[in-house]
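As provided, model-v3.tsv (TSV, C-alpha atoms) reads as follows.
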chain	number	residue	atom	x	y	z
A	1	MET	CA	202.62	-58.32	285.49
A	2	ASN	CA	199.62	-56.10	284.91
A	3	VAL	CA	198.70	-54.93	281.43
A	4	ILE	CA	198.13	-51.18	281.17
A	5	LYS	CA	197.27	-48.86	278.27
A	6	ILE	CA	199.62	-45.95	277.64
A	7	PRO	CA	200.38	-43.42	274.88
A	8	MET	CA	203.03	-44.74	272.51
A	9	PHE	CA	205.69	-43.13	270.32
A	10	PRO	CA	207.16	-45.68	267.85
A	11	LEU	CA	210.80	-44.82	267.09
A	12	SER	CA	213.90	-46.73	266.03
A	13	ILE	CA	215.63	-46.22	269.40
A	14	PHE	CA	215.70	-48.26	272.60
A	15	PRO	CA	216.48	-46.07	275.64
A	16	LEU	CA	217.60	-47.76	278.85
A	17	PRO	CA	216.43	-46.76	282.34
A	18	GLY	CA	218.07	-43.57	283.51
A	19	GLU	CA	218.99	-42.48	279.97
A	20	MET	CA	218.20	-38.95	278.80
A	21	VAL	CA	217.09	-38.84	275.16
A	22	PRO	CA	216.80	-35.74	272.94
A	23	LEU	CA	213.79	-35.75	270.59
A	24	HIS	CA	212.71	-33.39	267.85
A	25	ILE	CA	208.88	-33.34	267.83
A	26	PHE	CA	207.32	-32.22	264.55
A	27	GLU	CA	204.34	-34.41	263.56
A	28	PRO	CA	200.96	-33.02	264.76
A	29	ARG	CA	200.08	-36.24	266.61
A	30	TYR	CA	203.32	-36.21	268.60
A	31	ARG	CA	203.02	-32.48	269.22
A	32	GLN	CA	199.68	-33.36	270.85
A	33	LEU	CA	201.43	-36.07	272.89
A	34	LEU	CA	204.06	-33.57	274.01
A	35	GLU	CA	201.32	-31.12	275.02
A	36	ASP	CA	199.61	-33.84	277.08
A	37	ALA	CA	202.92	-34.88	278.67
A	38	GLU	CA	203.66	-31.28	279.59
A	39	ASN	CA	200.20	-30.25	280.81
A	40	ASN	CA	199.12	-33.49	282.51
A	41	ASP	CA	202.53	-34.85	283.60
A	42	ILE	CA	201.90	-38.19	281.87
A	43	THR	CA	204.45	-40.83	280.94
A	44	PHE	CA	204.48	-42.50	277.54
A	45	GLY	CA	206.17	-45.37	275.81
A	46	ILE	CA	208.81	-45.40	273.13
A	47	TYR	CA	208.37	-48.62	271.20
A	48	CYS	CA	211.51	-49.59	269.32
A	49	ASN	CA	210.21	-50.41	265.84
A	50	HIS	CA	213.48	-52.06	264.78
A	51	VAL	CA	213.19	-55.33	262.83
A	52	ALA	CA	215.42	-57.09	265.39
A	53	ASN	CA	212.99	-56.22	268.21
A	54	ALA	CA	210.88	-59.37	267.86
A	55	GLU	CA	209.83	-59.24	271.53
A	56	LYS	CA	208.37	-55.72	271.07
A	57	LEU	CA	210.37	-54.14	273.86
A	58	GLY	CA	210.28	-50.46	274.62
A	59	ALA	CA	210.91	-47.78	277.20
A	60	LEU	CA	208.62	-45.86	279.51
A	61	VAL	CA	209.67	-42.21	279.40
A	62	LYS	CA	208.81	-38.95	281.11
A	63	LEU	CA	209.23	-35.44	279.73
A	64	GLU	CA	212.29	-33.95	281.42
A	65	SER	CA	212.56	-30.56	279.70
A	66	ILE	CA	211.66	-28.57	276.62
A	67	LEU	CA	214.80	-27.14	275.07
A	68	LYS	CA	213.32	-25.11	272.25
A	69	ARG	CA	209.95	-24.31	270.73
A	70	TYR	CA	209.79	-23.32	267.08
A	71	HIS	CA	207.27	-20.93	265.52
A	72	THR	CA	206.15	-23.88	263.33
A	73	GLY	CA	204.93	-25.78	266.42
A	74	GLU	CA	207.91	-28.13	266.47
A	75	SER	CA	209.93	-28.66	269.65
A	76	ASP	CA	213.25	-30.02	270.85
A	77	VAL	CA	212.77	-31.91	274.10
A	78	ILE	CA	214.58	-34.22	276.51
A	79	VAL	CA	212.81	-37.30	277.85
A	80	LYS	CA	214.13	-39.60	280.56
A	81	CYS	CA	213.64	-43.37	280.48
A	82	ILE	CA	212.21	-44.52	283.81
A	83	ASP	CA	211.38	-48.16	283.03
A	84	LEU	CA	211.31	-50.83	280.34
A	85	LEU	CA	208.17	-52.36	278.87
A	86	SER	CA	206.91	-55.25	276.78
A	87	MET	CA	204.21	-54.32	274.29
A	88	SER	CA	201.38	-56.74	273.50
A	89	LYS	CA	199.17	-54.54	271.28
A	90	LEU	CA	199.70	-51.29	269.37
A	91	PHE	CA	196.71	-49.11	268.53
A	92	ARG	CA	196.55	-46.49	265.80
A	93	THR	CA	195.16	-43.98	268.31
A	94	PHE	CA	195.10	-43.68	272.08
A	95	ARG	CA	191.56	-42.99	273.28
A	96	ASP	CA	190.37	-39.82	271.49
A	97	LYS	CA	193.90	-38.60	270.69
A	98	LEU	CA	195.82	-38.36	267.42
A	99	TYR	CA	198.82	-40.31	268.73
A	100	PRO	CA	199.11	-44.11	269.05
A	101	GLY	CA	198.58	-46.13	272.20
A	102	ALA	CA	199.53	-49.60	273.35
A	103	GLU	CA	198.87	-52.32	275.86
A	104	VAL	CA	202.08	-52.92	277.77
A	105	GLN	CA	203.54	-54.63	280.79
A	106	LEU	CA	206.08	-52.61	282.78
A	107	TRP	CA	209.27	-54.30	283.98
A	108	ASN	CA	209.57	-52.24	287.21
A	109	ILE	CA	213.34	-51.74	286.96
A	110	ASN	CA	214.91	-50.69	290.26
A	111	LEU	CA	217.42	-47.92	289.49
A	112	ALA	CA	218.28	-47.63	293.18
A	113	GLU	CA	219.78	-51.13	293.25
A	114	PRO	CA	223.57	-50.66	293.44
A	115	MET	CA	226.00	-52.29	291.06
A	116	ASP	CA	228.31	-54.96	292.49
A	117	GLN	CA	231.87	-54.18	293.61
A	118	ALA	CA	233.61	-55.82	290.63
A	119	LEU	CA	231.60	-53.70	288.19
A	120	ARG	CA	232.13	-50.58	290.34
A	121	HIS	CA	235.92	-51.17	290.19
A	122	HIS	CA	236.00	-51.52	286.39
A	123	PHE	CA	233.61	-48.63	285.87
A	124	THR	CA	235.71	-46.29	288.06
A	125	GLU	CA	238.84	-47.34	286.13
A	126	TYR	CA	237.08	-46.65	282.82
A	127	MET	CA	235.81	-43.25	283.97
A	128	ASN	CA	239.32	-42.31	285.12
A	129	MET	CA	240.70	-43.25	281.70
A	130	MET	CA	238.02	-41.09	280.09
A	131	ARG	CA	238.97	-38.29	282.52
A	132	LEU	CA	235.40	-38.14	283.78
A	133	THR	CA	234.68	-37.76	287.48
A	134	HIS	CA	231.03	-38.56	288.05
A	135	SER	CA	231.46	-42.33	288.48
A	136	ASP	CA	230.77	-41.89	292.21
A	137	LYS	CA	227.25	-40.66	291.33
A	138	ALA	CA	226.52	-43.80	289.31
A	139	ILE	CA	224.48	-46.27	291.32
A	140	SER	CA	222.87	-48.75	288.99
A	141	ILE	CA	224.20	-51.10	286.36
A	142	TYR	CA	222.04	-49.08	283.96
A	143	ASP	CA	224.21	-46.02	284.71
A	144	VAL	CA	227.14	-48.02	283.33
A	145	ALA	CA	225.16	-49.14	280.29
A	146	ASN	CA	224.16	-45.54	279.57
A	147	GLU	CA	227.73	-44.27	279.93
A	148	LEU	CA	228.92	-46.86	277.41
A	149	ASN	CA	226.19	-45.87	274.93
A	150	LEU	CA	225.64	-49.49	273.86
A	151	GLY	CA	224.51	-50.31	270.35
A	152	PHE	CA	221.00	-51.64	269.74
A	153	GLU	CA	221.94	-55.35	269.68
A	154	ASP	CA	223.96	-55.02	272.90
A	155	ARG	CA	221.04	-53.22	274.56
A	156	LEU	CA	218.67	-56.04	273.66
A	157	LYS	CA	221.17	-58.67	274.76
A	158	PHE	CA	221.81	-56.85	278.06
A	159	VAL	CA	218.16	-56.47	279.10
A	160	HIS	CA	217.45	-60.13	278.30
A	161	LEU	CA	220.31	-61.44	280.44
A	162	PRO	CA	219.49	-62.93	283.85
A	163	ASP	CA	220.47	-60.54	286.66
A	164	ASP	CA	223.55	-62.60	287.61
A	165	ARG	CA	224.93	-62.28	284.04
A	166	LYS	CA	224.39	-58.53	283.58
A	167	SER	CA	227.45	-57.43	285.56
A	168	PRO	CA	229.93	-59.77	283.76
A	169	PHE	CA	228.46	-58.57	280.44
A	170	MET	CA	229.10	-54.93	281.40
A	171	ILE	CA	232.60	-55.70	282.70
A	172	THR	CA	233.45	-57.28	279.32
A	173	ARG	CA	232.19	-54.16	277.51
A	174	LEU	CA	234.17	-51.89	279.87
A	175	LYS	CA	237.37	-53.91	279.36
A	176	TYR	CA	236.93	-53.70	275.59
A	177	GLN	CA	236.47	-49.91	275.72
A	178	MET	CA	239.52	-49.54	277.99
A	179	HIS	CA	241.55	-51.65	275.55
A	180	LEU	CA	240.51	-49.32	272.71
A	181	LEU	CA	241.46	-46.27	274.79
A	182	LYS	CA	244.90	-47.75	275.56
A	183	GLU	CA	245.48	-48.52	271.87
A	184	ALA	CA	244.50	-44.96	270.94
A	185	GLU	CA	247.00	-43.61	273.49
A	186	LYS	CA	249.75	-45.83	272.04
A	187	ALA	CA	248.95	-44.62	268.54
A	188	LYS	CA	249.43	-41.01	269.68
A	189	ASP	CA	252.99	-41.85	270.70
A	190	VAL	CA	253.80	-43.46	267.35
A	191	TYR	CA	252.54	-40.70	265.06
A	192	HIS	CA	254.03	-37.25	265.31
A	193	LEU	CA	251.98	-34.49	263.83
A	194	ASN	CA	253.79	-31.71	261.98
Mind turning the file's structure into structure tokens?
Amino acid sequence: MNVIKIPMFPLSIFPLPGEMVPLHIFEPRYRQLLEDAENNDITFGIYCNHVANAEKLGALVKLESILKRYHTGESDVIVKCIDLLSMSKLFRTFRDKLYPGAEVQLWNINLAEPMDQALRHHFTEYMNMMRLTHSDKAISIYDVANELNLGFEDRLKFVHLPDDRKSPFMITRLKYQMHLLKEAEKAKDVYHLN
């Protein structure tokens, strides 16, 4: 893998490929990063500065849309994760900019690779239970991971799994969520609201 230098935004989140993430930008250095992302169509990294992230993993993101601009210079934006990365060095500033930079290696995640049939079956069942209909638009195993909104530890565990173990991991998470949904439905039948 090649090492590249990119702008970096340290946060305590770990987006997965395909995930849309809302951000509120208020610090001057990250307002400058947003301006560069908007004007020059650049990607940047979100380094997850969580203590459990010993491997220094992060996400490569692209500005998707600006939802609101405030008179103070702050903004509400949506970024989309397009790849994962491993960070080797973090710099206080990126070139002549205010914001940080980093040396990273991109993972080159293929979001066009379809999920296997067993996972597709469980995911469709889960989406039907949730009364959601866009499961047919989901292609990648990362679409499933994003729909489940995994916690930080599960995200780390998932991305570290070998490819042949990712689908069984997701099926287990889907079965657990479906079990919780069934239990919630049962509870509705037991308690009568007045």
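Among the candidates A:Leu111, A:Asp83, A:Pro22, A:Arg92, the one nearest to Leu63 (chain A) when counting all atoms listed in the file is A:Pro22.
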Using 12 Å as the limit and counting all atoms listed in the file, can you tabulate each residue of region 83-109 of chain A that touches region 159-176 of chain A, with its shortest atom-to-atom distance in Å and the two atoms involved, as CSV?
residue,atom,partner,partner_atom,distance
A:Asp83,CA,A:Val159,CA,11.4
A:Leu84,CA,A:Val159,CA,9.0
A:Leu85,CA,A:Val159,CA,10.8
A:Ser86,CA,A:Val159,CA,11.6
A:Trp107,CA,A:Val159,CA,10.4
A:Ile109,CA,A:Val159,CA,10.4
Serialized selection, C-alpha atoms, as a compact mmCIF listing (two decimals), in the coordinates of the input:
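Output contents, as saved in selection.txt:
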# COMPACT_ATOMS: atom_id res chain seq x y z
CA ASP A 83 211.38 -48.16 283.03
CA LEU A 84 211.31 -50.83 280.34
CA LEU A 85 208.17 -52.36 278.87
CA SER A 86 206.91 -55.25 276.78
CA TRP A 107 209.27 -54.30 283.98
CA ILE A 109 213.34 -51.74 286.96
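Interatomic distance, CA of Lys186 (chain A) against CA of Val144 (chain A): 25.4 Å.
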query = Near Ile78 (chain A), counting only C-alpha atoms, which residues have an atom at most 12 Å away, once you skip same-chain residues fewer than 2 positions from it, shown as a ChimeraX atom specification?
reply = /A:19-25,34,37-38,61-68,75-76,80-81
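Excluding region 148-153 of chain A itself and any same-chain residue fewer than 4 positions from it, the protein and nucleic acid residues within 10 Å of it, counting all atoms listed in the file, are Ser12, Ile13, Phe14, Pro15, Leu16, Glu19, Cys48, His50, Ala52, Asn53, Phe123, Tyr126, Tyr142, Asp143, Val144, Lys157, Phe158, Met170, Arg173, Leu174 and Gln177 of chain A.
Excluding Met87 (chain A) itself and any same-chain residue fewer than 2 positions from it, the protein and nucleic acid residues within 6 Å of it, counting only C-alpha atoms, are Lys56, Lys89, Glu103 and Val104 of chain A.
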inquiry  = Quick one: residues within 10 Å of Met127 (chain A), all atoms listed in the file, excluding same-chain residues fewer than 4 positions away - as JSON, numbers by chain?
reply    = {"A": [122, 123, 131, 132, 133, 134, 135, 136, 144, 147, 174, 178]}
Quick one: write out the picked residues with C-alpha atoms as a PDB file, keeping the file's coordinate frame?
ATOM      1  CA  HIS A 122     236.000 -51.520 286.390  1.00  0.00           C
ATOM      2  CA  PHE A 123     233.610 -48.630 285.870  1.00  0.00           C
ATOM      3  CA  ARG A 131     238.970 -38.290 282.520  1.00  0.00           C
ATOM      4  CA  LEU A 132     235.400 -38.140 283.780  1.00  0.00           C
ATOM      5  CA  THR A 133     234.680 -37.760 287.480  1.00  0.00           C
ATOM      6  CA  HIS A 134     231.030 -38.560 288.050  1.00  0.00           C
ATOM      7  CA  SER A 135     231.460 -42.330 288.480  1.00  0.00           C
ATOM      8  CA  ASP A 136     230.770 -41.890 292.210  1.00  0.00           C
ATOM      9  CA  VAL A 144     227.140 -48.020 283.330  1.00  0.00           C
ATOM     10  CA  GLU A 147     227.730 -44.270 279.930  1.00  0.00           C
ATOM     11  CA  LEU A 174     234.170 -51.890 279.870  1.00  0.00           C
ATOM     12  CA  MET A 178     239.520 -49.540 277.990  1.00  0.00           C
TER      13      MET A 178
END
inquiry  = At a cut-off of 9 Å, using all atoms listed in the file, what residues contact Pro114 (chain A)? Leave out same-chain residues fewer than 4 positions from it and give the result as a VMD selection string.
reply    = chain A and resid 138 to 141
Selection from above, C-alpha atoms, as a PDB file, in the coordinates of the input, can you write it?
ATOM      1  CA  ALA A 138     226.520 -43.800 289.310  1.00  0.00           C
ATOM      2  CA  ILE A 139     224.480 -46.270 291.320  1.00  0.00           C
ATOM      3  CA  SER A 140     222.870 -48.750 288.990  1.00  0.00           C
ATOM      4  CA  ILE A 141     224.200 -51.100 286.360  1.00  0.00           C
TER       5      ILE A 141
END
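Here CA of Phe9 (chain A) and CA of Ala54 (chain A) stand 17.2 Å from one another.
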Could you give me the axis-aligned bounding box of region 146-163 of chain A, with 8 Å of padding per side, as centre plus edge lengths in Å to one decimal, as JSON?
{"center_x": 223.2, "center_y": -53.6, "center_z": 278.2, "size_x": 27.5, "size_y": 34.7, "size_z": 33.0}
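The spacing separating CA of Ile46 (chain A) from CA of Gly58 (chain A) amounts to 5.5 Å.
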ask   = At most 10 Å from (194.7, -39.2, 274.7), file frame, all atoms listed in the file: which residues, as a PyMOL selection string?
value = chain A and resi 6-7+32-33+36+93-101
remark   = Residue with the minimum atom-to-atom distance to Pro17 (chain A), picked from A:Gln105, A:Gln117, A:Asn110, A:Asn128 with all atoms listed in the file counted, is A:Asn110
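Take the candidates A:Lys188, A:Glu35, A:Asn108, A:Leu90 and check each one against Asn2 (chain A) using only C-alpha atoms; the shortest distance goes to A:Asn108.
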Rebuild region 55-68 of chain A so that it carries N, CA and C atoms, then output the result as a compact mmCIF listing (two decimals), in the coordinates of the input.
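Resulting contents of selection00.txt:
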# COMPACT_ATOMS: atom_id res chain seq x y z
N GLU A 55 210.58 -59.16 270.28
CA GLU A 55 209.83 -59.24 271.53
C GLU A 55 209.01 -57.98 271.80
N LYS A 56 209.11 -56.97 270.94
CA LYS A 56 208.37 -55.72 271.07
C LYS A 56 208.66 -55.03 272.40
N LEU A 57 209.94 -54.84 272.66
CA LEU A 57 210.37 -54.14 273.86
C LEU A 57 210.37 -52.64 273.62
N GLY A 58 210.25 -51.90 274.71
CA GLY A 58 210.28 -50.46 274.62
C GLY A 58 210.66 -49.85 275.95
N ALA A 59 210.54 -48.53 276.01
CA ALA A 59 210.91 -47.78 277.20
C ALA A 59 209.76 -46.91 277.64
N LEU A 60 209.57 -46.81 278.95
CA LEU A 60 208.62 -45.86 279.51
C LEU A 60 209.41 -44.59 279.80
N VAL A 61 208.94 -43.46 279.25
CA VAL A 61 209.67 -42.21 279.40
C VAL A 61 208.79 -41.12 279.99
N LYS A 62 209.47 -40.11 280.51
CA LYS A 62 208.81 -38.95 281.11
C LYS A 62 209.48 -37.71 280.54
N LEU A 63 208.69 -36.70 280.24
CA LEU A 63 209.23 -35.44 279.73
C LEU A 63 210.10 -34.81 280.81
N GLU A 64 211.34 -34.54 280.47
CA GLU A 64 212.29 -33.95 281.42
C GLU A 64 212.37 -32.44 281.22
N SER A 65 212.51 -32.01 279.97
CA SER A 65 212.56 -30.56 279.70
C SER A 65 212.29 -30.27 278.23
N ILE A 66 211.85 -29.05 277.98
CA ILE A 66 211.66 -28.57 276.62
C ILE A 66 212.80 -27.60 276.34
N LEU A 67 213.62 -27.94 275.37
CA LEU A 67 214.80 -27.14 275.07
C LEU A 67 214.49 -25.95 274.19
N LYS A 68 213.62 -26.18 273.20
CA LYS A 68 213.32 -25.11 272.25
C LYS A 68 211.95 -25.35 271.63
